[in-house]
file work_16.txt (compact mmCIF, C-alpha atoms)
# COMPACT_ATOMS: atom_id res chain seq x y z
CA MET A 1 20.55 -11.60 -52.16
CA GLU A 2 22.81 -14.02 -53.90
CA LYS A 3 25.84 -13.48 -51.69
CA PHE A 4 23.81 -14.64 -48.67
CA SER A 5 22.52 -17.81 -50.34
CA ALA A 6 25.21 -19.78 -48.52
CA PHE A 7 23.27 -19.16 -45.31
CA ARG A 8 20.28 -21.18 -46.41
CA ASP A 9 19.62 -24.17 -44.24
CA PRO A 10 20.76 -27.32 -46.07
CA GLY A 11 17.73 -29.33 -44.96
CA THR A 12 14.91 -26.89 -45.72
CA GLY A 13 16.31 -24.24 -48.06
CA ILE A 14 15.16 -21.51 -45.64
CA GLN A 15 17.27 -18.39 -45.11
CA PRO A 16 16.53 -17.54 -41.45
CA PHE A 17 18.57 -14.34 -41.05
CA LEU A 18 17.79 -11.87 -43.85
CA ARG A 19 15.03 -9.33 -43.25
CA PRO A 20 11.84 -10.43 -45.09
CA VAL A 21 10.74 -8.04 -47.83
CA PRO A 22 7.27 -7.54 -49.33
CA PRO A 23 6.42 -8.96 -52.75
CA SER A 24 6.98 -6.62 -55.68
CA GLY A 25 4.17 -5.03 -57.65
CA SER A 26 2.35 -2.76 -55.20
CA GLU A 27 5.00 -0.17 -54.38
CA LEU A 28 3.48 2.73 -56.36
CA LEU A 29 0.66 3.56 -53.95
CA ALA A 30 2.83 2.86 -50.92
CA THR A 31 5.48 5.27 -52.22
CA ALA A 32 2.88 7.96 -52.92
CA ILE A 33 1.55 7.97 -49.37
CA SER A 34 4.92 7.33 -47.67
CA PRO A 35 5.41 11.02 -46.61
CA LEU A 36 2.27 10.78 -44.47
CA GLY A 37 3.56 7.55 -42.95
CA TYR A 38 6.97 9.05 -42.19
CA ALA A 39 5.40 12.05 -40.45
CA LEU A 40 3.14 9.81 -38.40
CA GLY A 41 6.03 7.46 -37.67
CA ALA A 42 8.21 10.29 -36.37
CA VAL A 43 5.54 11.40 -33.92
CA LYS A 44 4.86 7.84 -32.75
CA THR A 45 8.58 7.07 -32.36
CA ILE A 46 9.06 10.14 -30.18
CA LEU A 47 6.15 8.98 -28.02
CA VAL A 48 7.66 5.48 -27.73
CA LEU A 49 10.97 7.03 -26.62
CA ALA A 50 9.06 9.08 -24.09
CA LEU A 51 7.46 5.91 -22.73
CA ALA A 52 10.90 4.30 -22.44
CA LEU A 53 12.10 7.32 -20.48
CA VAL A 54 9.07 7.19 -18.20
CA TYR A 55 9.70 3.46 -17.64
CA ALA A 56 13.34 4.10 -16.73
CA VAL A 57 12.43 6.90 -14.32
CA LEU A 58 9.46 5.21 -12.64
CA VAL A 59 10.13 1.45 -12.72
CA GLN A 60 13.93 1.41 -12.60
CA GLY A 61 14.19 4.56 -10.50
CA LEU A 62 11.42 5.78 -8.21
CA CYS A 63 9.97 2.32 -7.58
CA LEU A 64 13.19 1.35 -5.81
CA VAL A 65 11.79 3.02 -2.68
CA PHE A 66 9.36 0.08 -2.44
CA LEU A 67 12.12 -2.56 -2.39
CA PRO A 68 11.96 -2.99 1.40
CA ILE A 69 8.39 -4.25 0.86
CA PRO A 70 8.78 -6.85 -1.93
CA PRO A 71 5.05 -7.59 -2.52
CA LEU A 72 4.30 -3.89 -2.90
CA HIS A 73 7.30 -3.40 -5.18
CA ARG A 74 6.21 -6.28 -7.43
CA ALA A 75 2.62 -5.03 -7.59
CA VAL A 76 3.53 -1.44 -8.45
CA THR A 77 6.18 -2.35 -11.03
CA ARG A 78 3.89 -4.91 -12.64
CA VAL A 79 1.09 -2.38 -13.13
CA LEU A 80 3.43 0.29 -14.50
CA THR A 81 5.21 -2.20 -16.77
CA ALA A 82 1.93 -3.54 -18.14
CA VAL A 83 0.52 -0.09 -18.89
CA LEU A 84 3.68 1.28 -20.51
CA SER A 85 4.38 -1.89 -22.52
CA ARG A 86 0.86 -2.04 -23.93
CA LEU A 87 0.93 1.66 -24.81
CA ALA A 88 4.18 1.10 -26.72
CA LEU A 89 2.64 -1.79 -28.65
CA LEU A 90 -0.39 0.37 -29.48
CA LEU A 91 1.81 3.19 -30.76
CA VAL A 92 3.66 0.93 -33.21
CA GLY A 93 0.37 -0.35 -34.63
CA LEU A 94 -0.48 -3.49 -32.66
CA TYR A 95 -4.03 -2.72 -31.63
CA TRP A 96 -5.08 -6.32 -31.03
CA ILE A 97 -2.88 -9.33 -30.29
CA PRO A 98 -4.71 -12.67 -30.57
CA VAL A 99 -3.58 -15.22 -27.99
CA GLU A 100 -4.58 -18.87 -28.19
CA VAL A 101 -3.95 -21.79 -25.86
CA VAL A 102 -3.38 -24.75 -28.17
CA GLN A 103 -2.71 -28.45 -28.04
CA ARG A 104 0.12 -30.17 -29.77
CA LYS A 105 -1.98 -32.59 -31.79
CA ARG A 106 -5.06 -31.79 -33.80
CA GLY A 107 -8.21 -33.75 -33.23
CA ARG A 108 -7.54 -34.52 -29.59
CA THR A 109 -10.27 -33.93 -27.09
CA ALA A 110 -9.62 -30.54 -25.53
CA PRO A 111 -9.25 -30.61 -21.75
CA ALA A 112 -11.14 -28.30 -19.46
CA LYS A 113 -10.08 -24.69 -19.79
CA GLU A 114 -6.48 -24.51 -18.62
CA SER A 115 -4.93 -21.45 -17.09
CA TRP A 116 -1.60 -20.22 -18.44
CA ASN A 117 -0.38 -18.55 -15.30
CA PRO A 118 3.40 -18.74 -14.73
CA ARG A 119 4.46 -18.07 -11.15
CA ALA A 120 7.69 -17.10 -9.47
CA GLY A 121 10.50 -19.46 -10.47
CA ASP A 122 8.67 -20.97 -13.45
CA LEU A 123 10.25 -20.90 -16.91
CA ILE A 124 8.68 -19.43 -20.05
CA VAL A 125 10.37 -20.81 -23.16
CA SER A 126 9.75 -19.07 -26.49
CA ASN A 127 11.12 -18.54 -29.94
CA TRP A 128 12.65 -15.11 -30.55
CA ALA A 129 12.13 -13.00 -33.66
CA SER A 130 11.63 -9.44 -32.42
CA TRP A 131 11.35 -7.09 -29.47
CA ILE A 132 7.58 -7.27 -29.93
CA GLU A 133 7.25 -10.53 -28.00
CA VAL A 134 9.50 -9.09 -25.29
CA LEU A 135 7.07 -6.23 -24.76
CA TRP A 136 4.09 -8.59 -24.85
CA LEU A 137 5.68 -10.81 -22.20
CA ALA A 138 6.39 -7.74 -20.07
CA PHE A 139 2.78 -6.65 -20.49
CA ARG A 140 1.30 -10.02 -19.53
CA PHE A 141 3.69 -11.39 -16.89
CA ASN A 142 6.34 -8.79 -15.96
CA PRO A 143 8.91 -11.61 -15.97
CA ILE A 144 12.65 -11.73 -15.43
CA PHE A 145 14.61 -11.68 -18.70
CA VAL A 146 17.97 -13.35 -19.14
CA LEU A 147 20.57 -13.22 -21.91
CA PRO A 148 22.93 -16.10 -22.68
CA VAL A 149 26.65 -15.79 -21.98
CA CYS A 150 28.86 -17.88 -24.26
CA GLU A 151 32.49 -18.85 -24.10
CA THR A 152 33.61 -16.81 -27.09
CA LEU A 153 32.42 -15.29 -30.34
CA GLU A 154 35.42 -16.68 -32.20
CA LEU A 155 33.83 -19.03 -34.69
CA PRO A 156 35.18 -22.54 -35.27
CA ALA A 157 35.40 -23.93 -38.78
CA ALA A 158 32.14 -25.09 -40.31
CA LEU A 159 31.38 -28.78 -40.35
CA PRO A 160 32.24 -30.60 -43.61
CA PRO A 161 29.26 -31.02 -45.94
CA THR A 162 27.33 -34.25 -45.55
CA SER A 163 24.26 -35.70 -47.13
CA SER A 164 22.36 -35.03 -43.90
CA PRO A 165 23.80 -31.97 -42.18
CA ILE A 166 21.53 -32.19 -39.12
CA SER A 167 20.52 -35.25 -37.20
CA ARG A 168 16.85 -34.27 -36.90
CA THR A 169 15.84 -33.04 -40.34
CA PRO A 170 13.16 -30.39 -39.86
CA GLY A 171 12.20 -30.16 -43.52
CA ARG A 172 11.31 -32.60 -46.22
CA ARG A 173 13.90 -34.21 -48.47
CA THR A 174 11.92 -35.00 -51.57
CA GLY A 175 14.19 -33.21 -54.01
CA THR A 176 11.44 -30.79 -55.06
CA GLY A 177 10.32 -27.34 -54.04
CA SER A 178 12.06 -25.73 -51.10
CA ALA A 179 13.88 -28.95 -50.31
CA ALA A 180 15.78 -28.64 -53.57
CA ILE A 181 17.14 -25.15 -52.91
CA SER A 182 20.19 -26.56 -51.17
CA SER A 183 23.22 -26.41 -53.40
CA PRO A 184 26.95 -27.08 -53.18
CA SER A 185 27.39 -23.41 -52.20
CA THR A 186 25.29 -23.91 -49.07
CA ARG A 187 27.53 -23.83 -46.03
CA ALA A 188 27.29 -26.50 -43.39
CA PRO A 189 26.21 -25.40 -39.90
CA ILE A 190 28.95 -24.12 -37.60
CA PRO A 191 29.60 -26.35 -34.56
CA ARG A 192 28.12 -25.25 -31.27
CA ILE A 193 29.92 -22.82 -28.98
CA PRO A 194 29.22 -23.63 -25.31
CA VAL A 195 26.75 -21.44 -23.44
CA LEU A 196 28.29 -20.92 -20.01
CA GLY A 197 25.27 -19.42 -18.32
CA PHE A 198 23.03 -16.38 -18.28
CA ARG A 199 22.94 -12.81 -17.16
CA ARG A 200 19.82 -11.24 -15.72
CA VAL A 201 18.92 -8.05 -17.60
CA SER A 202 16.27 -5.34 -17.50
CA LEU A 203 13.42 -4.94 -19.97
CA LEU A 204 15.12 -2.04 -21.75
CA SER A 205 18.41 -3.99 -21.96
CA ILE A 206 16.89 -7.04 -23.62
CA ILE A 207 14.99 -4.84 -26.07
CA ALA A 208 18.29 -3.16 -26.99
CA SER A 209 19.86 -6.62 -27.38
CA THR A 210 17.27 -7.82 -29.90
CA GLY A 211 19.03 -9.15 -32.97
CA ARG A 212 22.45 -9.13 -31.34
CA LEU A 213 24.66 -12.10 -30.53
CA PRO A 214 25.03 -13.58 -27.03
CA LEU A 215 27.23 -11.94 -24.43
CA THR A 216 30.69 -13.35 -23.80
CA ALA A 217 32.35 -14.31 -20.54
CA ALA A 218 34.72 -11.36 -21.01
CA ASP A 219 31.77 -8.94 -20.98
CA ALA A 220 29.52 -10.48 -18.34
CA LYS A 221 29.94 -12.97 -15.53
CA PRO A 222 27.72 -15.96 -16.31
CA GLU A 223 25.29 -17.25 -13.73
CA ASN A 224 23.70 -20.67 -13.69
CA LEU A 225 20.10 -20.65 -14.91
CA GLU A 226 19.00 -22.75 -11.96
CA ALA A 227 20.54 -20.21 -9.57
CA ILE A 228 18.63 -17.38 -11.27
CA ARG A 229 15.40 -19.36 -11.31
CA SER A 230 15.59 -20.51 -7.70
CA LYS A 231 16.00 -16.91 -6.46
CA ALA A 232 13.43 -15.41 -8.84
CA ASP A 233 10.37 -13.64 -7.50
CA ARG A 234 8.76 -13.71 -10.95
CA PRO A 235 8.69 -16.09 -13.96
CA VAL A 236 11.93 -16.33 -15.96
CA VAL A 237 11.88 -16.02 -19.77
CA VAL A 238 14.42 -18.02 -21.77
CA PHE A 239 15.02 -17.66 -25.52
CA PRO A 240 17.02 -20.84 -26.32
CA GLU A 241 17.82 -19.68 -29.88
CA CYS A 242 20.12 -17.14 -28.15
CA THR A 243 19.44 -14.55 -30.86
CA THR A 244 16.60 -13.55 -33.16
CA SER A 245 15.68 -15.16 -36.46
CA ASN A 246 13.63 -13.50 -39.20
CA GLY A 247 10.61 -15.50 -38.08
CA ARG A 248 10.61 -17.88 -41.03
CA ALA A 249 12.04 -20.81 -39.09
CA LEU A 250 13.19 -21.95 -35.68
CA LEU A 251 16.94 -21.70 -35.16
CA ARG A 252 18.96 -24.49 -33.56
CA PHE A 253 18.54 -24.26 -29.80
CA GLY A 254 21.57 -23.73 -27.64
CA GLU A 255 22.24 -26.21 -24.86
CA VAL A 256 20.97 -23.81 -22.23
CA PHE A 257 19.14 -25.98 -19.68
CA GLY A 258 21.81 -28.56 -18.91
CA GLN A 259 21.04 -31.94 -17.41
CA VAL A 260 17.42 -31.35 -16.44
CA LYS A 261 15.48 -34.56 -15.97
CA LEU A 262 12.14 -34.84 -17.73
CA PRO A 263 9.36 -34.40 -16.89
CA VAL A 264 10.38 -31.38 -14.85
CA THR A 265 8.99 -31.59 -11.32
CA ARG A 266 10.55 -28.75 -9.30
CA TYR A 267 8.93 -25.98 -11.33
CA LYS A 268 6.62 -25.43 -14.28
CA VAL A 269 7.78 -24.99 -17.88
CA PHE A 270 5.50 -22.91 -20.12
CA VAL A 271 6.07 -23.09 -23.88
CA MET A 272 4.91 -20.49 -26.41
CA CYS A 273 5.42 -19.55 -30.04
CA VAL A 274 5.14 -16.15 -31.73
CA ARG A 275 4.20 -15.88 -35.40
CA TYR A 276 4.38 -12.79 -37.63
CA ASP A 277 2.61 -12.34 -40.93
CA PRO A 278 4.75 -11.77 -44.06
CA PRO A 279 5.40 -8.09 -44.86
CA THR A 280 3.39 -6.15 -47.40
CA ALA A 281 3.98 -2.86 -49.20
CA PHE A 282 2.02 -1.10 -46.43
CA ALA A 283 3.20 -3.12 -43.42
CA PRO A 284 6.89 -3.98 -42.89
CA THR A 285 8.06 -7.15 -41.19
CA LEU A 286 7.75 -7.21 -37.43
CA SER A 287 10.74 -9.53 -37.11
CA HIS A 288 14.05 -7.89 -36.22
CA SER A 289 16.90 -10.22 -37.11
CA ILE A 290 19.57 -7.63 -38.01
CA PRO A 291 20.35 -5.14 -35.23
CA SER A 292 20.79 -1.47 -36.04
CA GLY A 293 24.06 0.21 -35.21
CA PHE A 294 22.55 3.19 -33.39
CA LEU A 295 20.06 2.89 -30.52
CA ASN A 296 18.89 -0.57 -31.52
CA PRO A 297 16.02 -1.16 -32.37
CA LEU A 298 15.03 2.49 -32.93
CA SER A 299 15.08 2.30 -36.74
CA HIS A 300 12.79 -0.74 -36.64
CA VAL A 301 10.43 1.06 -34.27
CA PHE A 302 10.24 3.92 -36.78
CA ARG A 303 9.51 1.55 -39.68
CA LEU A 304 6.66 -0.07 -37.79
CA ALA A 305 5.29 3.23 -36.54
CA SER A 306 5.29 4.55 -40.13
CA ALA A 307 3.09 1.71 -41.37
CA LEU A 308 -0.35 2.83 -42.56
CA ALA A 309 -1.86 -0.66 -42.32
CA PRO A 310 -2.58 -2.58 -39.08
CA LEU A 311 0.21 -4.89 -37.98
CA THR A 312 -0.57 -8.46 -37.01
CA VAL A 313 1.01 -10.96 -34.66
CA SER A 314 -0.34 -14.20 -33.23
CA ILE A 315 0.79 -15.88 -30.04
CA ARG A 316 0.21 -19.55 -29.35
CA LEU A 317 0.57 -20.92 -25.85
CA LEU A 318 1.00 -24.64 -25.31
CA ALA A 319 -1.59 -26.12 -22.97
CA PRO A 320 0.16 -26.77 -19.62
CA SER A 321 -1.11 -30.37 -19.66
CA GLU A 322 1.23 -31.04 -22.60
CA ALA A 323 4.26 -29.11 -21.33
CA PRO A 324 7.52 -30.77 -20.26
CA SER A 325 6.54 -30.21 -16.62
CA SER A 326 3.26 -32.10 -16.97
CA GLY A 327 2.98 -35.45 -15.22
CA SER A 328 1.62 -36.97 -18.44
CA PHE A 329 4.54 -35.76 -20.57
CA LEU A 330 6.04 -38.65 -22.57
CA LEU A 331 9.72 -38.22 -23.30
CA SER A 332 9.66 -41.03 -25.83
CA GLU A 333 7.48 -38.93 -28.17
CA PHE A 334 10.35 -36.51 -28.70
CA LEU A 335 13.64 -38.31 -28.07
CA THR A 336 13.91 -41.37 -30.28
CA GLY A 337 17.44 -42.75 -30.28
CA GLY A 338 20.67 -40.83 -30.13
CA VAL A 339 22.24 -38.88 -27.29
CA TYR A 340 20.96 -35.41 -26.38
CA ALA A 341 23.12 -33.12 -24.30
CA ASP A 342 20.08 -31.02 -23.39
CA GLU A 343 16.84 -33.00 -23.43
CA LEU A 344 14.67 -30.10 -22.28
CA ALA A 345 15.93 -27.84 -25.08
CA GLU A 346 15.25 -30.53 -27.68
CA CYS A 347 11.71 -31.14 -26.39
CA CYS A 348 10.93 -27.42 -26.24
CA ALA A 349 12.18 -26.94 -29.79
CA ALA A 350 9.95 -29.75 -31.04
CA LEU A 351 6.95 -28.37 -29.15
CA ILE A 352 7.42 -24.81 -30.42
CA ALA A 353 7.77 -26.07 -33.99
CA GLN A 354 4.55 -28.06 -33.65
CA ILE A 355 2.32 -25.46 -32.04
CA GLY A 356 3.66 -22.67 -34.27
CA ARG A 357 3.76 -24.82 -37.41
CA VAL A 358 7.25 -23.60 -38.21
CA LYS A 359 10.16 -25.58 -39.55
CA ARG A 360 13.33 -26.15 -37.59
CA VAL A 361 16.67 -25.45 -39.19
CA GLY A 362 20.14 -26.70 -38.36
CA LEU A 363 21.63 -23.19 -38.27
CA GLY A 364 22.20 -21.58 -34.89
CA TRP A 365 23.39 -18.31 -33.44
CA GLU A 366 26.93 -19.23 -34.40
CA ASP A 367 25.89 -19.18 -38.06
CA LYS A 368 24.22 -15.84 -37.53
CA ALA A 369 27.53 -14.48 -36.24
CA ALA A 370 29.14 -15.50 -39.54
CA PHE A 371 26.18 -14.02 -41.43
CA LEU A 372 26.49 -10.68 -39.65
CA GLU A 373 30.21 -10.55 -40.44
CA LEU A 374 29.40 -10.93 -44.11
CA TYR A 375 26.43 -8.56 -43.92
CA ARG A 376 28.54 -5.83 -42.36
CA GLY A 377 31.27 -6.29 -44.92
CA LYS A 378 33.91 -7.77 -42.65
CA LYS A 379 34.46 -10.64 -45.04

call {"tool": "encode", "arguments": {"input": "work_16.txt", "output": "structure tokens"}}
result
Amino acid sequence: MEKFSAFRDPGTGIQPFLRPVPPSGSELLATAISPLGYALGAVKTILVLALALVYAVLVQGLCLVFLPIPPLHRAVTRVLTAVLSRLALLLVGLYWIPVEVVQRKRGRTAPAKESWNPRAGDLIVSNWASWIEVLWLAFRFNPIFVLPVCETLELPAALPPTSSPISRTPGRRTGTGSAAISSPSTRAPIPRIPVLGFRRVSLLSIIASTGRLPLTAADAKPENLEAIRSKADRPVVVFPECTTSNGRALLRFGEVFGQVKLPVTRYKVFVMCVRYDPPTAFAPTLSHSIPSGFLNPLSHVFRLASALAPLTVSIRLLAPSEAPSSGSFLLSEFLTGGVYADELAECCAALIAQIGRVKRVGLGWEDKAAFLELYRGKK
């Protein structure tokens, strides 16, 4: 839509917030069979809601009786979470989810088979485009989820336009193709708003927060990420983008890790990237960048459940030998000149972009806040 063209990234021409739509030309058949899809979607959505209710009753309710015995509590909740999460993914149409452990550079000799097995207190760092990856993470690792808490949602003025709006240009600047989409109407990225800390949340809470903006200090008391991690009895998942994109690019990472020295030695850092295929007339986008106003993301669940074609997602896990906690990790390969307030965030962003083959943009969650204001008609 033309009125949202100002939210294209100046360096790549990518619009990372609007919901992707299928190409035109094949809507006739999809429209003809849509009543069948809607009926099937209604049944599946009711079943997904039933699973959510069962999860709330069993995992967040009855399993509390096992708290005095922590190992038993972790084992029971992990089994229940894995079963219910995978059933929910099956109901929305994800019958098979390919997972691949990859290396950063092509052509390198692959090491012996490496295990991707985060333990208590380790960090899992990922891009964020939907609630789908949240359910997959719950299915595989039953981790602790955290949401960022920022200082305020009051947006500062955008930076003045420059010939190079971001210091690390993620796209090409040849003047042709997507690099030439940038125009004088393209807005410059909004300056960062400090992330004060995190709040530990449940699986259902982070699913309901998909697409939304970070919490504020007025709504939640921030806690230091290191404090959460050091007390964790499970891995901790961090989404440094602080909100979801539409999956077409990697948003600017917030400065969420602080002054962590690299390579990380006190715990392991596991890096992953989730990729979704473009939508078709029979399969909507799996990304969820714009939250729904009622029971988010229920409307998106219904759209996916109504699809009559299999849905596809691919997950790429960075080999632990190349992660920022590896003893062979070379900081100089990622930080070349300049001052970085959060070196770990910068390295993780570069790694996710490489293993997922996605472009980085200079727009962050602050720009999405301005986008949502325009999208909802506030401006």

call {"tool": "residues_around", "arguments": {"input": "work_16.txt", "residues": "region 328-338 of chain A", "least_positions_apart": "2", "cutoff": "7 Å", "atoms": "only C-alpha atoms", "output": "count of residues only"}}
result
8

call {"tool": "residues_around", "arguments": {"input": "work_16.txt", "residues": "region 193-205 of chain A", "least_positions_apart": "6", "cutoff": "10 Å", "atoms": "all atoms listed in the file", "output": "VMD selection string"}}
result
chain A and resid 52 to 53 55 to 56 60 81 85 131 134 to 135 137 to 138 142 to 156 214 to 217 220 to 228 236 238 242 254 to 258 364 to 366

call {"tool": "residues_around", "arguments": {"input": "work_16.txt", "residues": "Pro118 (chain A)", "least_positions_apart": "3", "cutoff": "12 Å", "atoms": "all atoms listed in the file", "output": "PDB file with C-alpha atoms, keeping the file's coordinate frame"}}
result
ATOM      1  CA  SER A 115      -4.930 -21.450 -17.090  1.00  0.00           C
ATOM      2  CA  GLY A 121      10.500 -19.460 -10.470  1.00  0.00           C
ATOM      3  CA  ASP A 122       8.670 -20.970 -13.450  1.00  0.00           C
ATOM      4  CA  LEU A 123      10.250 -20.900 -16.910  1.00  0.00           C
ATOM      5  CA  ILE A 124       8.680 -19.430 -20.050  1.00  0.00           C
ATOM      6  CA  VAL A 125      10.370 -20.810 -23.160  1.00  0.00           C
ATOM      7  CA  LEU A 137       5.680 -10.810 -22.200  1.00  0.00           C
ATOM      8  CA  ARG A 140       1.300 -10.020 -19.530  1.00  0.00           C
ATOM      9  CA  PHE A 141       3.690 -11.390 -16.890  1.00  0.00           C
ATOM     10  CA  ASN A 142       6.340  -8.790 -15.960  1.00  0.00           C
ATOM     11  CA  PRO A 143       8.910 -11.610 -15.970  1.00  0.00           C
ATOM     12  CA  ILE A 144      12.650 -11.730 -15.430  1.00  0.00           C
ATOM     13  CA  ASP A 233      10.370 -13.640  -7.500  1.00  0.00           C
ATOM     14  CA  ARG A 234       8.760 -13.710 -10.950  1.00  0.00           C
ATOM     15  CA  PRO A 235       8.690 -16.090 -13.960  1.00  0.00           C
ATOM     16  CA  VAL A 236      11.930 -16.330 -15.960  1.00  0.00           C
ATOM     17  CA  VAL A 237      11.880 -16.020 -19.770  1.00  0.00           C
ATOM     18  CA  TYR A 267       8.930 -25.980 -11.330  1.00  0.00           C
ATOM     19  CA  LYS A 268       6.620 -25.430 -14.280  1.00  0.00           C
ATOM     20  CA  VAL A 269       7.780 -24.990 -17.880  1.00  0.00           C
ATOM     21  CA  PHE A 270       5.500 -22.910 -20.120  1.00  0.00           C
ATOM     22  CA  VAL A 271       6.070 -23.090 -23.880  1.00  0.00           C
ATOM     23  CA  MET A 272       4.910 -20.490 -26.410  1.00  0.00           C
ATOM     24  CA  LEU A 317       0.570 -20.920 -25.850  1.00  0.00           C
ATOM     25  CA  PRO A 320       0.160 -26.770 -19.620  1.00  0.00           C
TER      26      PRO A 320
END

call {"tool": "residues_around", "arguments": {"input": "work_16.txt", "residues": "Val48 (chain A)", "least_positions_apart": "6", "cutoff": "10 Å", "atoms": "only C-alpha atoms", "output": "count of residues only"}}
result
14

call {"tool": "axis_aligned_box", "arguments": {"input": "work_16.txt", "around": "region 251-269 of chain A", "padding_each_side": "3 Å", "output": "JSON"}}
result
{"center_x": 14.4, "center_y": -28.3, "center_z": -22.2, "size_x": 21.6, "size_y": 19.1, "size_z": 31.9}

call {"tool": "residues_around", "arguments": {"input": "work_16.txt", "residues": "Gly327 (chain A)", "least_positions_apart": "6", "cutoff": "9 Å", "atoms": "only C-alpha atoms", "output": "list of chain:residue names"}}
result
A:Pro263, A:Val264, A:Thr265, A:Ser321

call {"tool": "residues_near_point", "arguments": {"input": "work_16.txt", "point": "(25.9, -10.4, -41.7)", "cutoff": "12 Å", "atoms": "all atoms listed in the file", "output": "PyMOL selection string"}}
result
chain A and resi 1+3-7+16-19+211-213+289-292+365-379

call {"tool": "atom_distance", "arguments": {"input": "work_16.txt", "atom1": "CA of Asp219 (chain A)", "atom2": "CA of Pro240 (chain A)"}}
result
19.7 Å

call {"tool": "atom_distance", "arguments": {"input": "work_16.txt", "atom1": "CA of Gly362 (chain A)", "atom2": "CA of Thr243 (chain A)"}}
result
14.3 Å

call {"tool": "closest_atom_pairs", "arguments": {"input": "work_16.txt", "of": "region 63-121 of chain A", "to": "region 308-312 of chain A", "cutoff": "9 Å", "atoms": "all atoms listed in the file", "output": "tab-separated table"}}
result
residue	atom	partner	partner_atom	distance
A:Val92	CA	A:Leu311	CA	8.3
A:Gly93	CA	A:Leu311	CA	5.6
A:Leu94	CA	A:Leu311	CA	5.5
A:Tyr95	CA	A:Pro310	CA	7.6
A:Trp96	CA	A:Thr312	CA	7.8
A:Ile97	CA	A:Thr312	CA	7.2
A:Pro98	CA	A:Thr312	CA	8.7

call {"tool": "write_last_selection", "arguments": {"input": "work_16.txt", "atoms": "C-alpha atoms", "output": "compact mmCIF listing (two decimals), in the frame of the given file"}}
result
# COMPACT_ATOMS: atom_id res chain seq x y z
CA VAL A 92 3.66 0.93 -33.21
CA GLY A 93 0.37 -0.35 -34.63
CA LEU A 94 -0.48 -3.49 -32.66
CA TYR A 95 -4.03 -2.72 -31.63
CA TRP A 96 -5.08 -6.32 -31.03
CA ILE A 97 -2.88 -9.33 -30.29
CA PRO A 98 -4.71 -12.67 -30.57

call {"tool": "atom_distance", "arguments": {"input": "work_16.txt", "atom1": "CA of Arg78 (chain A)", "atom2": "CA of Leu344 (chain A)"}}
result
29.0 Å

call {"tool": "closest_residue", "arguments": {"input": "work_16.txt", "among": "A:Glu241, A:Leu58, A:Cys273, A:Ser24", "to": "His73 (chain A)", "atoms": "all atoms listed in the file"}}
result
A:Leu58

call {"tool": "closest_residue", "arguments": {"input": "work_16.txt", "among": "A:Arg104, A:Arg275, A:Arg8, A:Arg119", "to": "Val361 (chain A)", "atoms": "all atoms listed in the file"}}
result
A:Arg8

call {"tool": "closest_residue", "arguments": {"input": "work_16.txt", "among": "A:Arg229, A:Arg74, A:Arg192, A:Val101", "to": "Asn117 (chain A)", "atoms": "only C-alpha atoms"}}
result
A:Val101

call {"tool": "closest_residue", "arguments": {"input": "work_16.txt", "among": "A:Val313, A:Leu304, A:Leu251, A:Val79", "to": "Lys44 (chain A)", "atoms": "only C-alpha atoms"}}
result
A:Leu304

call {"tool": "closest_residue", "arguments": {"input": "work_16.txt", "among": "A:Arg316, A:Tyr38, A:Val83, A:Leu47", "to": "Val59 (chain A)", "atoms": "all atoms listed in the file"}}
result
A:Val83

call {"tool": "closest_residue", "arguments": {"input": "work_16.txt", "among": "A:Ala208, A:Ser126, A:Lys359, A:Ile33", "to": "Gly293 (chain A)", "atoms": "only C-alpha atoms"}}
result
A:Ala208

call {"tool": "decode", "arguments": {"input": "work_16.txt", "residues": "region 312-318 of chain A", "atoms": "N, CA, C and O atoms", "output": "mmCIF file, in the first residue's frame"}}
result
data_model
loop_
_atom_site.group_PDB
_atom_site.id
_atom_site.type_symbol
_atom_site.label_atom_id
_atom_site.label_comp_id
_atom_site.auth_asym_id
_atom_site.auth_seq_id
_atom_site.Cartn_x
_atom_site.Cartn_y
_atom_site.Cartn_z
ATOM 1 N N THR A 312 4.468 -24.601 5.183
ATOM 2 C CA THR A 312 5.880 -24.964 5.265
ATOM 3 C C THR A 312 6.663 -23.943 6.070
ATOM 4 O O THR A 312 6.430 -22.739 5.956
ATOM 5 N N VAL A 313 7.569 -24.447 6.868
ATOM 6 C CA VAL A 313 8.498 -23.622 7.636
ATOM 7 C C VAL A 313 9.807 -24.385 7.705
ATOM 8 O O VAL A 313 9.822 -25.614 7.718
ATOM 9 N N SER A 314 10.910 -23.658 7.690
ATOM 10 C CA SER A 314 12.222 -24.300 7.844
ATOM 11 C C SER A 314 12.965 -23.627 8.979
ATOM 12 O O SER A 314 12.880 -22.408 9.155
ATOM 13 N N ILE A 315 13.660 -24.422 9.747
ATOM 14 C CA ILE A 315 14.397 -23.921 10.907
ATOM 15 C C ILE A 315 15.856 -24.300 10.749
ATOM 16 O O ILE A 315 16.192 -25.476 10.533
ATOM 17 N N ARG A 316 16.708 -23.303 10.836
ATOM 18 C CA ARG A 316 18.151 -23.521 10.713
ATOM 19 C C ARG A 316 18.818 -23.197 12.038
ATOM 20 O O ARG A 316 18.659 -22.100 12.586
ATOM 21 N N LEU A 317 19.585 -24.153 12.516
ATOM 22 C CA LEU A 317 20.297 -24.023 13.778
ATOM 23 C C LEU A 317 21.781 -23.880 13.492
ATOM 24 O O LEU A 317 22.352 -24.685 12.760
ATOM 25 N N LEU A 318 22.398 -22.864 14.053
ATOM 26 C CA LEU A 318 23.827 -22.662 13.854
ATOM 27 C C LEU A 318 24.604 -23.715 14.638
ATOM 28 O O LEU A 318 24.321 -23.976 15.810
#
